[in-house]
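Data file: coords.cif. Format and content: mmCIF, C-alpha atoms and all ligand atoms.
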```
data_data
#
loop_
_atom_site.label_atom_id
_atom_site.label_comp_id
_atom_site.auth_asym_id
_atom_site.auth_seq_id
_atom_site.Cartn_x
_atom_site.Cartn_y
_atom_site.Cartn_z
CA MET A 1 6.62 28.82 26.15
CA HIS A 2 5.89 26.23 28.85
CA VAL A 3 8.51 24.14 30.59
CA TYR A 4 7.60 21.08 32.65
CA ARG A 5 9.78 19.10 35.03
CA SER A 6 8.56 15.58 35.60
CA ALA A 7 9.24 11.96 34.72
CA LEU A 8 8.95 11.76 30.94
CA LEU A 9 8.09 8.90 28.55
CA ARG A 10 8.72 9.08 24.81
CA PHE A 11 9.93 6.85 21.98
CA ALA A 12 12.98 6.70 19.72
CA ASP A 13 12.40 6.39 15.97
CA ASP A 14 12.94 2.62 16.15
CA GLY A 15 10.19 2.27 18.78
CA THR A 16 12.48 1.96 21.81
CA ALA A 17 10.88 3.50 24.88
CA LEU A 18 12.89 6.36 26.38
CA TYR A 19 12.32 7.31 29.99
CA ASP A 20 13.76 10.13 32.05
CA GLU A 21 12.95 9.85 35.71
CA ASP A 22 13.79 13.54 36.04
CA GLY A 23 12.81 14.92 32.65
CA LEU A 24 12.17 18.23 30.96
CA LEU A 25 9.49 18.96 28.38
CA ALA A 26 9.44 22.36 26.69
CA VAL A 27 6.43 23.30 24.59
CA GLY A 28 5.75 26.39 22.51
CA PRO A 29 3.87 27.66 19.47
CA ASP A 30 5.25 27.33 15.94
CA ALA A 31 4.89 30.07 13.30
CA ALA A 32 1.29 29.01 12.68
CA GLY A 33 0.49 29.14 16.40
CA ARG A 34 0.31 25.37 16.87
CA GLN A 35 1.83 24.08 20.11
CA ARG A 36 4.80 21.81 19.51
CA VAL A 37 7.45 20.07 21.53
CA LEU A 38 10.57 22.24 21.56
CA ALA A 39 12.73 19.97 23.70
CA ALA A 40 12.38 16.70 25.58
CA GLY A 41 14.94 14.80 27.61
CA ALA A 42 16.89 14.73 30.84
CA TRP A 43 16.39 17.72 33.10
CA ARG A 44 20.09 17.90 33.91
CA ALA A 45 21.06 18.16 30.23
CA LEU A 46 18.36 20.57 29.06
CA ALA A 47 17.61 22.84 32.04
CA PRO A 48 20.51 25.30 31.43
CA GLN A 49 18.91 26.24 28.06
CA TYR A 50 15.72 27.25 29.85
CA ALA A 51 17.19 29.23 32.75
CA GLY A 52 14.81 32.05 33.64
CA VAL A 53 11.73 30.36 32.16
CA PRO A 54 9.11 29.51 34.81
CA VAL A 55 8.94 25.75 35.36
CA GLN A 56 5.87 23.69 36.18
CA HIS A 57 7.16 21.00 38.50
CA LEU A 58 5.05 17.85 38.66
CA PRO A 59 6.65 15.60 41.25
CA GLY A 60 5.43 12.02 41.26
CA ARG A 61 3.81 12.37 37.84
CA ILE A 62 4.73 11.05 34.38
CA LEU A 63 4.39 13.08 31.19
CA ALA A 64 3.53 10.79 28.29
CA PRO A 65 2.34 11.14 24.69
CA GLY A 66 -1.42 11.29 24.14
CA PHE A 67 -2.79 7.94 22.99
CA VAL A 68 -3.82 7.31 19.38
CA ASP A 69 -7.01 5.27 18.83
CA MET A 70 -6.81 3.87 15.30
CA HIS A 71 -10.40 2.68 15.06
CA VAL A 72 -13.44 3.75 17.05
CA HIS A 73 -17.12 4.34 16.23
CA PHE A 74 -18.43 7.59 17.71
CA PRO A 75 -22.11 6.61 17.16
CA GLN A 76 -21.52 3.40 19.12
CA THR A 77 -20.72 5.21 22.36
CA ASP A 78 -24.00 3.88 23.75
CA VAL A 79 -23.74 0.47 22.07
CA ILE A 80 -20.91 -0.69 24.36
CA GLY A 81 -21.81 -3.90 26.16
CA SER A 82 -24.57 -5.11 23.82
CA PRO A 83 -24.33 -8.91 23.85
CA ALA A 84 -24.75 -10.98 20.69
CA GLU A 85 -23.73 -14.35 19.31
CA GLY A 86 -21.28 -12.63 17.02
CA LEU A 87 -20.65 -9.70 14.70
CA LEU A 88 -23.57 -10.02 12.27
CA PRO A 89 -26.41 -10.35 14.81
CA TRP A 90 -24.74 -7.62 16.87
CA LEU A 91 -24.87 -5.28 13.86
CA GLU A 92 -28.45 -6.19 13.01
CA ASN A 93 -29.95 -6.16 16.49
CA TYR A 94 -28.12 -3.30 18.19
CA THR A 95 -25.80 -1.31 16.00
CA PHE A 96 -27.80 -0.51 12.88
CA PRO A 97 -30.97 0.44 14.83
CA HIS A 98 -28.90 2.69 17.09
CA GLU A 99 -26.95 4.32 14.27
CA ALA A 100 -30.25 5.21 12.55
CA ARG A 101 -30.72 7.85 15.26
CA PHE A 102 -27.82 9.88 13.88
CA THR A 103 -29.94 11.29 11.08
CA ASP A 104 -30.89 13.84 13.77
CA ALA A 105 -28.20 16.55 13.85
CA ALA A 106 -28.97 17.66 17.41
CA TYR A 107 -28.68 14.09 18.70
CA ALA A 108 -25.42 13.56 16.78
CA GLN A 109 -23.99 16.79 18.22
CA GLN A 110 -24.88 15.78 21.76
CA VAL A 111 -23.27 12.33 21.41
CA ALA A 112 -20.21 13.89 19.72
CA GLN A 113 -19.58 15.95 22.88
CA VAL A 114 -19.91 12.89 25.11
CA PHE A 115 -17.63 10.90 22.80
CA ILE A 116 -14.89 13.54 22.83
CA ASP A 117 -15.20 13.92 26.61
CA GLU A 118 -14.61 10.16 26.88
CA LEU A 119 -11.58 10.24 24.56
CA LEU A 120 -9.99 13.06 26.56
CA ARG A 121 -10.80 11.56 29.98
CA ASN A 122 -9.05 8.41 28.84
CA GLY A 123 -6.04 10.22 27.39
CA VAL A 124 -6.80 9.72 23.70
CA THR A 125 -5.72 12.78 21.74
CA THR A 126 -5.86 11.42 18.16
CA ALA A 127 -8.57 9.20 16.74
CA LEU A 128 -9.59 7.66 13.45
CA ALA A 129 -13.34 7.32 13.89
CA PHE A 130 -16.34 6.02 12.00
CA ALA A 131 -19.35 8.34 11.90
CA THR A 132 -22.63 6.97 10.45
CA SER A 133 -24.03 7.02 6.92
CA HIS A 134 -25.64 10.40 7.67
CA PRO A 135 -23.53 13.40 6.57
CA VAL A 136 -24.79 15.37 9.58
CA SER A 137 -23.01 12.88 11.84
CA VAL A 138 -19.70 13.85 10.21
CA ASP A 139 -20.43 17.55 10.61
CA ALA A 140 -21.32 16.95 14.26
CA LEU A 141 -18.10 15.10 15.10
CA MET A 142 -15.80 17.32 13.03
CA GLY A 143 -17.34 20.42 14.59
CA ALA A 144 -16.96 19.11 18.14
CA ALA A 145 -13.35 18.03 17.53
CA GLN A 146 -12.48 21.37 15.94
CA GLN A 147 -13.82 23.18 18.98
CA ARG A 148 -11.41 21.25 21.27
CA GLN A 149 -8.57 21.30 18.71
CA LEU A 150 -8.48 17.51 18.71
CA ARG A 151 -6.64 15.73 15.91
CA LEU A 152 -9.44 13.65 14.48
CA VAL A 153 -10.10 11.82 11.22
CA THR A 154 -13.59 10.62 10.38
CA GLY A 155 -15.92 9.99 7.47
CA LYS A 156 -19.43 9.25 6.37
CA VAL A 157 -20.11 5.52 6.31
CA LEU A 158 -20.86 4.08 2.86
CA GLN A 159 -23.43 1.26 2.99
CA ASP A 160 -25.82 1.06 0.05
CA ARG A 161 -27.04 -2.54 0.42
CA HIS A 162 -27.78 -5.26 2.98
CA SER A 163 -28.52 -2.52 5.48
CA PRO A 164 -31.89 -1.60 6.97
CA ASP A 165 -33.89 1.53 6.27
CA GLY A 166 -32.50 4.37 8.33
CA VAL A 167 -28.84 3.60 7.71
CA ARG A 168 -28.79 2.46 4.07
CA ASP A 169 -27.57 5.18 1.69
CA ARG A 170 -27.90 5.61 -2.09
CA THR A 171 -24.94 4.91 -4.32
CA GLU A 172 -24.72 8.14 -6.31
CA GLU A 173 -25.68 10.43 -3.46
CA SER A 174 -23.28 8.71 -1.04
CA LEU A 175 -20.33 9.46 -3.31
CA VAL A 176 -21.39 13.05 -3.94
CA ASP A 177 -21.80 13.52 -0.18
CA THR A 178 -18.39 11.99 0.47
CA GLU A 179 -16.66 14.36 -1.92
CA ALA A 180 -18.49 17.37 -0.47
CA LEU A 181 -17.41 16.33 3.04
CA ILE A 182 -13.79 15.87 1.92
CA ARG A 183 -13.83 19.42 0.57
CA ARG A 184 -15.51 20.78 3.68
CA TRP A 185 -13.34 19.15 6.31
CA HIS A 186 -10.12 17.51 5.10
CA GLY A 187 -7.09 19.49 6.27
CA VAL A 188 -9.13 22.05 8.17
CA ASP A 189 -7.25 22.77 11.41
CA ARG A 190 -6.32 19.34 12.78
CA LEU A 191 -9.11 17.44 11.02
CA GLY A 192 -8.84 14.82 8.32
CA TYR A 193 -11.32 12.91 6.20
CA ALA A 194 -11.53 9.13 5.76
CA ILE A 195 -13.40 7.47 2.90
CA THR A 196 -15.40 4.93 4.89
CA PRO A 197 -17.01 1.91 3.23
CA ARG A 198 -18.47 0.07 6.25
CA PHE A 199 -17.31 -3.34 4.95
CA ALA A 200 -17.53 -5.07 1.60
CA PRO A 201 -20.82 -6.94 2.30
CA THR A 202 -22.81 -3.71 2.75
CA SER A 203 -21.56 -1.92 -0.37
CA THR A 204 -22.43 -2.60 -4.00
CA PRO A 205 -19.53 -3.00 -6.42
CA GLU A 206 -20.54 0.42 -7.82
CA GLN A 207 -20.18 2.07 -4.43
CA LEU A 208 -16.79 0.45 -3.81
CA ARG A 209 -15.65 1.49 -7.28
CA GLY A 210 -16.71 5.08 -6.59
CA ALA A 211 -14.93 5.01 -3.23
CA GLY A 212 -11.77 3.77 -4.95
CA GLU A 213 -11.99 6.55 -7.53
CA LEU A 214 -12.27 9.15 -4.78
CA ALA A 215 -9.32 7.53 -2.98
CA ALA A 216 -7.23 7.95 -6.14
CA ARG A 217 -8.34 11.54 -6.64
CA TYR A 218 -7.63 12.51 -3.00
CA PRO A 219 -4.45 10.60 -2.15
CA ASP A 220 -3.84 12.19 1.25
CA VAL A 221 -7.35 11.39 2.46
CA TRP A 222 -7.57 8.27 4.64
CA ILE A 223 -9.56 5.12 3.87
CA GLN A 224 -11.08 3.02 6.67
CA SER A 225 -13.07 -0.18 6.65
CA HIS A 226 -13.35 -3.61 8.30
CA VAL A 227 -11.95 -6.91 7.07
CA ALA A 228 -11.56 -10.55 8.12
CA GLU A 229 -13.11 -10.07 11.53
CA ASN A 230 -15.56 -12.94 11.80
CA ARG A 231 -15.98 -16.26 9.98
CA ASP A 232 -19.64 -15.68 8.98
CA GLU A 233 -18.74 -12.22 7.70
CA ILE A 234 -15.88 -13.65 5.63
CA ARG A 235 -18.11 -16.35 4.11
CA TRP A 236 -20.64 -13.66 3.18
CA ALA A 237 -18.02 -11.41 1.58
CA ARG A 238 -16.61 -14.33 -0.41
CA GLU A 239 -20.09 -15.20 -1.71
CA LEU A 240 -20.77 -11.62 -2.76
CA PHE A 241 -17.39 -11.14 -4.46
CA PRO A 242 -16.46 -14.58 -5.82
CA GLY A 243 -13.99 -13.11 -8.31
CA SER A 244 -11.65 -11.71 -5.65
CA ARG A 245 -8.78 -13.80 -4.31
CA SER A 246 -9.79 -13.22 -0.70
CA TYR A 247 -11.95 -10.89 1.37
CA LEU A 248 -9.06 -8.43 1.61
CA GLY A 249 -8.58 -8.83 -2.15
CA VAL A 250 -12.02 -7.22 -2.69
CA TYR A 251 -10.68 -3.92 -1.40
CA ASP A 252 -7.59 -4.25 -3.57
CA ASP A 253 -9.73 -4.93 -6.62
CA PHE A 254 -11.57 -1.64 -6.08
CA GLY A 255 -8.48 0.53 -5.49
CA LEU A 256 -8.93 0.74 -1.74
CA MET A 257 -5.54 -0.56 -0.67
CA ARG A 258 -2.88 2.12 -0.37
CA GLU A 259 -1.00 4.12 2.22
CA ARG A 260 -3.39 5.71 4.71
CA ALA A 261 -5.83 2.81 4.26
CA VAL A 262 -6.67 1.43 7.70
CA TYR A 263 -8.42 -1.93 8.00
CA ALA A 264 -9.94 -2.91 11.31
CA HIS A 265 -9.39 -6.44 12.66
CA CYS A 266 -7.41 -8.34 9.96
CA ILE A 267 -7.73 -11.50 12.06
CA HIS A 268 -8.38 -14.34 9.62
CA PHE A 269 -5.58 -13.60 7.12
CA ASP A 270 -3.28 -15.85 5.16
CA ASP A 271 0.25 -14.85 4.21
CA GLU A 272 -0.88 -13.56 0.82
CA ASP A 273 -3.21 -11.15 2.57
CA ARG A 274 -0.37 -10.09 4.87
CA ALA A 275 1.91 -9.58 1.89
CA LEU A 276 -0.77 -7.47 0.19
CA MET A 277 -0.99 -5.25 3.28
CA ARG A 278 2.74 -4.81 3.26
CA ALA A 279 3.02 -4.22 -0.49
CA THR A 280 0.27 -1.61 -0.60
CA GLY A 281 1.18 0.18 2.63
CA ALA A 282 -2.27 -0.48 4.13
CA VAL A 283 -2.28 -1.02 7.90
CA ALA A 284 -4.31 -2.89 10.51
CA ALA A 285 -6.19 -1.43 13.45
CA VAL A 286 -6.16 -4.13 16.11
CA SER A 287 -9.00 -4.11 18.64
CA PRO A 288 -8.56 -6.87 21.19
CA THR A 289 -11.39 -5.91 23.56
CA SER A 290 -13.81 -5.97 20.62
CA ASN A 291 -12.47 -9.23 19.27
CA LEU A 292 -12.77 -10.87 22.68
CA PHE A 293 -16.23 -9.41 23.34
CA LEU A 294 -17.70 -10.41 19.96
CA GLY A 295 -15.80 -13.71 19.89
CA SER A 296 -14.17 -12.77 16.60
CA GLY A 297 -10.74 -14.30 17.16
CA PHE A 298 -7.14 -13.38 17.88
CA PHE A 299 -4.97 -11.03 15.82
CA ASP A 300 -1.69 -12.72 14.87
CA TYR A 301 0.96 -10.20 15.98
CA ALA A 302 3.78 -12.61 15.15
CA GLY A 303 2.38 -13.11 11.63
CA ALA A 304 2.12 -9.36 11.10
CA ASP A 305 5.74 -8.93 12.21
CA ARG A 306 6.96 -11.88 10.15
CA VAL A 307 5.55 -10.48 6.91
CA GLY A 308 6.00 -6.90 8.05
CA PHE A 309 2.82 -4.87 7.73
CA GLY A 310 1.96 -1.87 9.87
CA HIS A 311 -0.49 -2.13 12.73
CA GLY A 312 -1.51 -0.42 15.93
CA LEU A 313 -4.09 -0.59 18.68
CA ALA A 314 -7.66 0.60 18.73
CA SER A 315 -10.68 0.47 21.02
CA ASP A 316 -13.34 -0.30 18.38
CA VAL A 317 -15.98 1.06 20.75
CA GLY A 318 -18.81 -0.09 20.77
CA GLY A 319 -17.79 -3.63 19.71
CA GLY A 320 -14.90 -2.80 22.01
CA THR A 321 -15.72 -2.63 25.68
CA SER A 322 -13.70 0.38 26.80
CA PHE A 323 -12.39 3.76 25.72
CA SER A 324 -9.37 3.19 27.96
CA PRO A 325 -6.06 2.53 26.18
CA PHE A 326 -4.94 0.75 29.36
CA HIS A 327 -7.73 -1.79 28.94
CA THR A 328 -6.90 -2.19 25.25
CA MET A 329 -3.20 -2.72 25.92
CA LEU A 330 -3.97 -5.33 28.59
CA ALA A 331 -6.32 -7.19 26.24
CA ALA A 332 -3.62 -7.06 23.54
CA TYR A 333 -1.22 -8.62 26.04
CA TYR A 334 -3.64 -11.49 26.72
CA VAL A 335 -4.25 -12.05 23.01
CA GLY A 336 -0.57 -11.74 22.18
CA ARG A 337 0.07 -14.93 24.13
CA GLU A 338 -1.69 -16.78 21.29
CA GLY A 339 0.84 -17.64 18.65
CA GLN A 340 3.87 -16.27 20.48
CA THR A 341 6.86 -18.50 20.18
CA LYS A 342 9.40 -17.12 22.61
CA GLN A 343 9.07 -18.49 26.15
CA GLY A 344 5.32 -18.03 26.15
CA LEU A 345 5.78 -14.30 26.56
CA SER A 346 3.45 -11.86 24.91
CA LEU A 347 4.15 -8.33 23.69
CA SER A 348 6.40 -6.29 25.97
CA PRO A 349 4.85 -3.36 27.85
CA GLU A 350 7.03 -0.93 25.90
CA ARG A 351 5.76 -2.36 22.63
CA LEU A 352 2.13 -2.35 23.77
CA TRP A 353 2.47 1.33 24.70
CA TRP A 354 4.21 2.14 21.40
CA LEU A 355 1.43 0.38 19.45
CA HIS A 356 -1.06 2.76 21.04
CA THR A 357 1.02 5.96 20.63
CA ALA A 358 3.97 6.51 18.28
CA GLY A 359 3.47 3.18 16.48
CA ALA A 360 -0.20 3.88 15.85
CA ALA A 361 0.69 7.38 14.63
CA GLN A 362 3.27 5.92 12.25
CA ALA A 363 0.69 3.45 10.93
CA LEU A 364 -1.70 6.35 10.27
CA GLY A 365 1.00 8.26 8.38
CA LEU A 366 1.28 10.71 11.28
CA GLY A 367 4.69 9.63 12.60
CA GLY A 368 6.61 12.58 14.00
CA VAL A 369 3.37 14.55 14.15
CA VAL A 370 1.47 12.97 17.05
CA GLY A 371 1.87 10.01 19.42
CA ASN A 372 5.28 11.03 20.65
CA LEU A 373 7.04 13.78 22.58
CA GLN A 374 10.09 14.35 20.41
CA PRO A 375 11.01 17.85 19.25
CA GLY A 376 8.70 18.97 16.43
CA CYS A 377 5.76 16.77 17.49
CA GLU A 378 2.45 18.44 18.18
CA ALA A 379 2.27 18.90 21.93
CA ASP A 380 -0.60 16.58 22.89
CA PHE A 381 0.40 15.03 26.17
CA LEU A 382 -0.83 13.40 29.35
CA VAL A 383 -0.05 13.94 32.98
CA LEU A 384 -0.24 10.44 34.43
CA ASN A 385 -0.49 9.67 38.13
CA PRO A 386 1.16 6.32 38.79
CA ALA A 387 -0.28 6.37 42.32
CA ALA A 388 -3.88 6.98 41.23
CA THR A 389 -5.20 4.06 43.28
CA PRO A 390 -3.84 2.51 46.47
CA LEU A 391 -2.84 -0.68 44.67
CA LEU A 392 -1.18 1.24 41.81
CA ALA A 393 0.73 3.32 44.35
CA ARG A 394 2.08 0.16 46.00
CA LYS A 395 2.84 -1.59 42.75
CA THR A 396 4.46 1.28 40.83
CA SER A 397 6.59 2.27 43.82
CA GLN A 398 8.09 -1.24 43.76
CA ALA A 399 8.89 -1.16 40.03
CA SER A 400 12.62 -1.60 39.54
CA ASN A 401 12.72 -0.78 35.84
CA LEU A 402 10.66 0.81 33.07
CA ALA A 403 9.06 -2.47 31.95
CA GLU A 404 7.76 -3.14 35.45
CA LEU A 405 6.44 0.40 35.78
CA LEU A 406 4.62 0.28 32.42
CA PHE A 407 3.27 -3.20 33.14
CA ALA A 408 1.85 -2.04 36.47
CA LEU A 409 0.08 0.83 34.69
CA ILE A 410 -1.21 -1.40 31.87
CA VAL A 411 -2.53 -4.09 34.21
CA LEU A 412 -3.96 -1.88 36.97
CA GLY A 413 -4.56 1.41 35.16
CA ASP A 414 -7.60 3.06 33.62
CA ASP A 415 -8.96 6.60 33.28
CA ARG A 416 -8.07 7.30 36.92
CA VAL A 417 -4.39 7.33 35.94
CA VAL A 418 -4.98 10.15 33.42
CA GLU A 419 -4.82 13.21 35.63
CA GLN A 420 -4.75 15.71 32.76
CA THR A 421 -4.97 15.57 28.99
CA VAL A 422 -3.27 18.60 27.46
CA ILE A 423 -4.02 19.71 23.90
CA SER A 424 -2.65 23.03 22.68
CA GLN A 425 -2.11 23.96 26.33
CA ALA A 426 -5.83 23.45 27.06
CA LYS A 427 -6.10 21.08 29.99
CA TYR A 428 -8.88 18.52 30.19
CA GLY A 429 -9.87 15.98 32.79
CA SER A 430 -11.88 15.84 35.95
CA ARG A 431 -8.60 15.85 37.83
CA ALA A 432 -7.21 18.83 35.87
N1 LIG B 501 -18.14 -4.60 10.49
C1 LIG B 501 -19.00 -3.79 9.86
N2 LIG B 501 -19.47 -2.84 10.68
C2 LIG B 501 -18.87 -3.05 11.86
C3 LIG B 501 -18.95 -2.37 13.12
O1 LIG B 501 -19.66 -1.39 13.31
N3 LIG B 501 -18.18 -2.89 14.12
C4 LIG B 501 -17.37 -3.97 13.93
N4 LIG B 501 -16.64 -4.41 14.96
N5 LIG B 501 -17.30 -4.62 12.77
C5 LIG B 501 -18.04 -4.16 11.75
ZN ZN B 502 -15.19 -1.16 13.88
#
```

I need this file expressed as structure tokens, please.
Amino acid sequence: MHVYRSALLRFADDGTALYDEDGLLAVGPDAAGRQRVLAAGAWRALAPQYAGVPVQHLPGRILAPGFVDMHVHFPQTDVIGSPAEGLLPWLENYTFPHEARFTDAAYAQQVAQVFIDELLRNGVTTALAFATSHPVSVDALMGAAQQRQLRLVTGKVLQDRHSPDGVRDRTEESLVDTEALIRRWHGVDRLGYAITPRFAPTSTPEQLRGAGELAARYPDVWIQSHVAENRDEIRWARELFPGSRSYLGVYDDFGLMRERAVYAHCIHFDDEDRALMRATGAVAAVSPTSNLFLGSGFFDYAGADRVGFGHGLASDVGGGTSFSPFHTMLAAYYVGREGQTKQGLSLSPERLWWLHTAGAAQALGLGGVVGNLQPGCEADFLVLNPAATPLLARKTSQASNLAELLFALIVLGDDRVVEQTVISQAKYGSRA
């Protein structure tokens, strides 16, 4: 068992941020040997139960839940910062040619290590990630994540049309490969599989139908795709599937809307789309740095709340510009000013943080499992240094409440704040 004494951030079930300036976190293995939170709360209240247990005291630090990245592309690690007029030329000119390299298992394995290093350096301990259309890319990422005991969900991209040689797959084979990968990886250690049609325009109706059939046969497997990101993309999807009510409706028509279905972007929605998300239990992965970089638009947080569908934050690297959850939360704050009604304020810092931890976990169907530090949660946590830079040290020392402290970290923070990332008591980070 390990007992830590430090400031401690966690969340109540209703999303309220809980903060103990002098906190206690106790962590120990369950019957299966997986490290879990045994206790979390005020030092004064909990310490008597742990008398005699050695305590790791971390003065001046904050223990916080590992971040959850709801949508990221591991093969786009090196695509970050590729400029284009918008989504479709960006895919054609940079992304597809780069992803073609992942047919090479050795290359995929090397990038998988770099990708996981980046997640951990930035404090991300759970990710829902796209691989490429090559099954070896899934094996590479699953294998690398398994080695570090990371909770990771990924899948082979399905794209059997409107895609260049090198990334285009074949309908039948793509579905056989998907099922084989589900059987190989889903539920192994902390790994999960996601059925991954890239987006409706690059799949034939037959491929989407097959994906929907697999989704029905494997109900606890995730589904991930993109929707309503960019106006040219939407026009294209509508032309290809004129019988569907909307772009989102295409996925519904093929049985791809259900719990554990995660749609990236969801920007250009109407209220019927929002209601469909809510009714089916599908959720949105919101990627503000990507949407700003590619000029895609602004996610309507108020609209999502009004209709009531689940959503959380994501980097969307490499359309997104950073692996850092701090950068993503700050971009979400900027974007949240669009469409906000109350006093011009955007999302609160507590809510931003929740959307990237416990809220994102809840959206993924992993509430109470990751993204929080309540008893029973898997013990993935961060040691944050609120004085990691001179300016942060000044600013956080002047914070008079939790909102001010979290805002200072969101606005001024990045990977330098993440002193350690702890997974199953293994400690990662250059400052570990
Ligand atoms: N739509 C289809 N593929 C992609 C992708 O790789 N990134 C983003 N941002 N949108 C997509
Ligand atoms: Zn994406």

Within 12 Å of file point (-7.9, -6.6, 10.6), counting all atoms listed in the file, expressed as a PyMOL selection string = chain A and resi 70-71+199+224-230+234+247-248+261-270+273-274+277+282-288+290-291+296-301+304+309-314+316

Could you state the separation of CA of Val418 in chain A and CA of Leu384 in chain A in Å, given to one decimal place?
-> 4.9 Å

Neighbours of Ala26 in chain A within 8 Å (all atoms listed in the file; same-chain residues fewer than 3 positions away dropped), as a list in words?
-> Met1, His2, Val3, Tyr4, Val37, Leu38, Ala39 and Ala40 of chain A

CA of Pro83 in chain A to atom C1 of ligand LIG 501 (chain B), distance in Å rounded to a single decimal |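 A separation of 15.8 Å between them.
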
Selection near range 144-148 of chain A, 12 Å with all atoms listed in the file, sequence-local residues under 5 positions removed, as a PyMOL selection string = chain A and resi 74+108-117+119-120+125-129+137-139+153-154+185-192+380+421-428

Step by step: locate range 235-268 of chain A in the block above, keep C-alpha atoms, then write the file as an mmCIF file, in the first residue's frame.
```
data_model
loop_
_atom_site.group_PDB
_atom_site.id
_atom_site.type_symbol
_atom_site.label_atom_id
_atom_site.label_comp_id
_atom_site.auth_asym_id
_atom_site.auth_seq_id
_atom_site.Cartn_x
_atom_site.Cartn_y
_atom_site.Cartn_z
ATOM 1 C CA ARG A 235 -21.675 18.669 -48.153
ATOM 2 C CA TRP A 236 -19.738 15.632 -49.409
ATOM 3 C CA ALA A 237 -21.324 13.276 -46.883
ATOM 4 C CA ARG A 238 -24.800 14.563 -47.740
ATOM 5 C CA GLU A 239 -24.166 13.972 -51.461
ATOM 6 C CA LEU A 240 -22.954 10.434 -50.851
ATOM 7 C CA PHE A 241 -25.817 9.504 -48.508
ATOM 8 C CA PRO A 242 -28.802 11.520 -49.755
ATOM 9 C CA GLY A 243 -31.281 9.215 -48.027
ATOM 10 C CA SER A 244 -30.101 10.049 -44.506
ATOM 11 C CA ARG A 245 -31.671 12.904 -42.556
ATOM 12 C CA SER A 246 -28.316 14.481 -41.782
ATOM 13 C CA TYR A 247 -24.626 13.600 -41.764
ATOM 14 C CA LEU A 248 -24.982 12.222 -38.239
ATOM 15 C CA GLY A 249 -28.069 10.333 -39.428
ATOM 16 C CA VAL A 250 -25.828 8.260 -41.744
ATOM 17 C CA TYR A 251 -24.210 6.632 -38.731
ATOM 18 C CA ASP A 252 -27.603 6.025 -37.153
ATOM 19 C CA ASP A 253 -28.868 4.416 -40.343
ATOM 20 C CA PHE A 254 -26.003 1.902 -40.217
ATOM 21 C CA GLY A 255 -26.352 0.986 -36.522
ATOM 22 C CA LEU A 256 -23.362 3.020 -35.394
ATOM 23 C CA MET A 257 -25.075 5.166 -32.779
ATOM 24 C CA ARG A 258 -25.159 3.622 -29.329
ATOM 25 C CA GLU A 259 -23.497 3.874 -25.948
ATOM 26 C CA ARG A 260 -19.721 3.792 -26.280
ATOM 27 C CA ALA A 261 -19.959 5.458 -29.706
ATOM 28 C CA VAL A 262 -17.673 8.495 -29.711
ATOM 29 C CA TYR A 263 -17.970 11.064 -32.491
ATOM 30 C CA ALA A 264 -15.227 13.611 -32.925
ATOM 31 C CA HIS A 265 -16.134 17.278 -33.504
ATOM 32 C CA CYS A 266 -19.977 17.422 -33.717
ATOM 33 C CA ILE A 267 -19.716 21.123 -34.574
ATOM 34 C CA HIS A 268 -22.324 21.782 -37.251
#
```
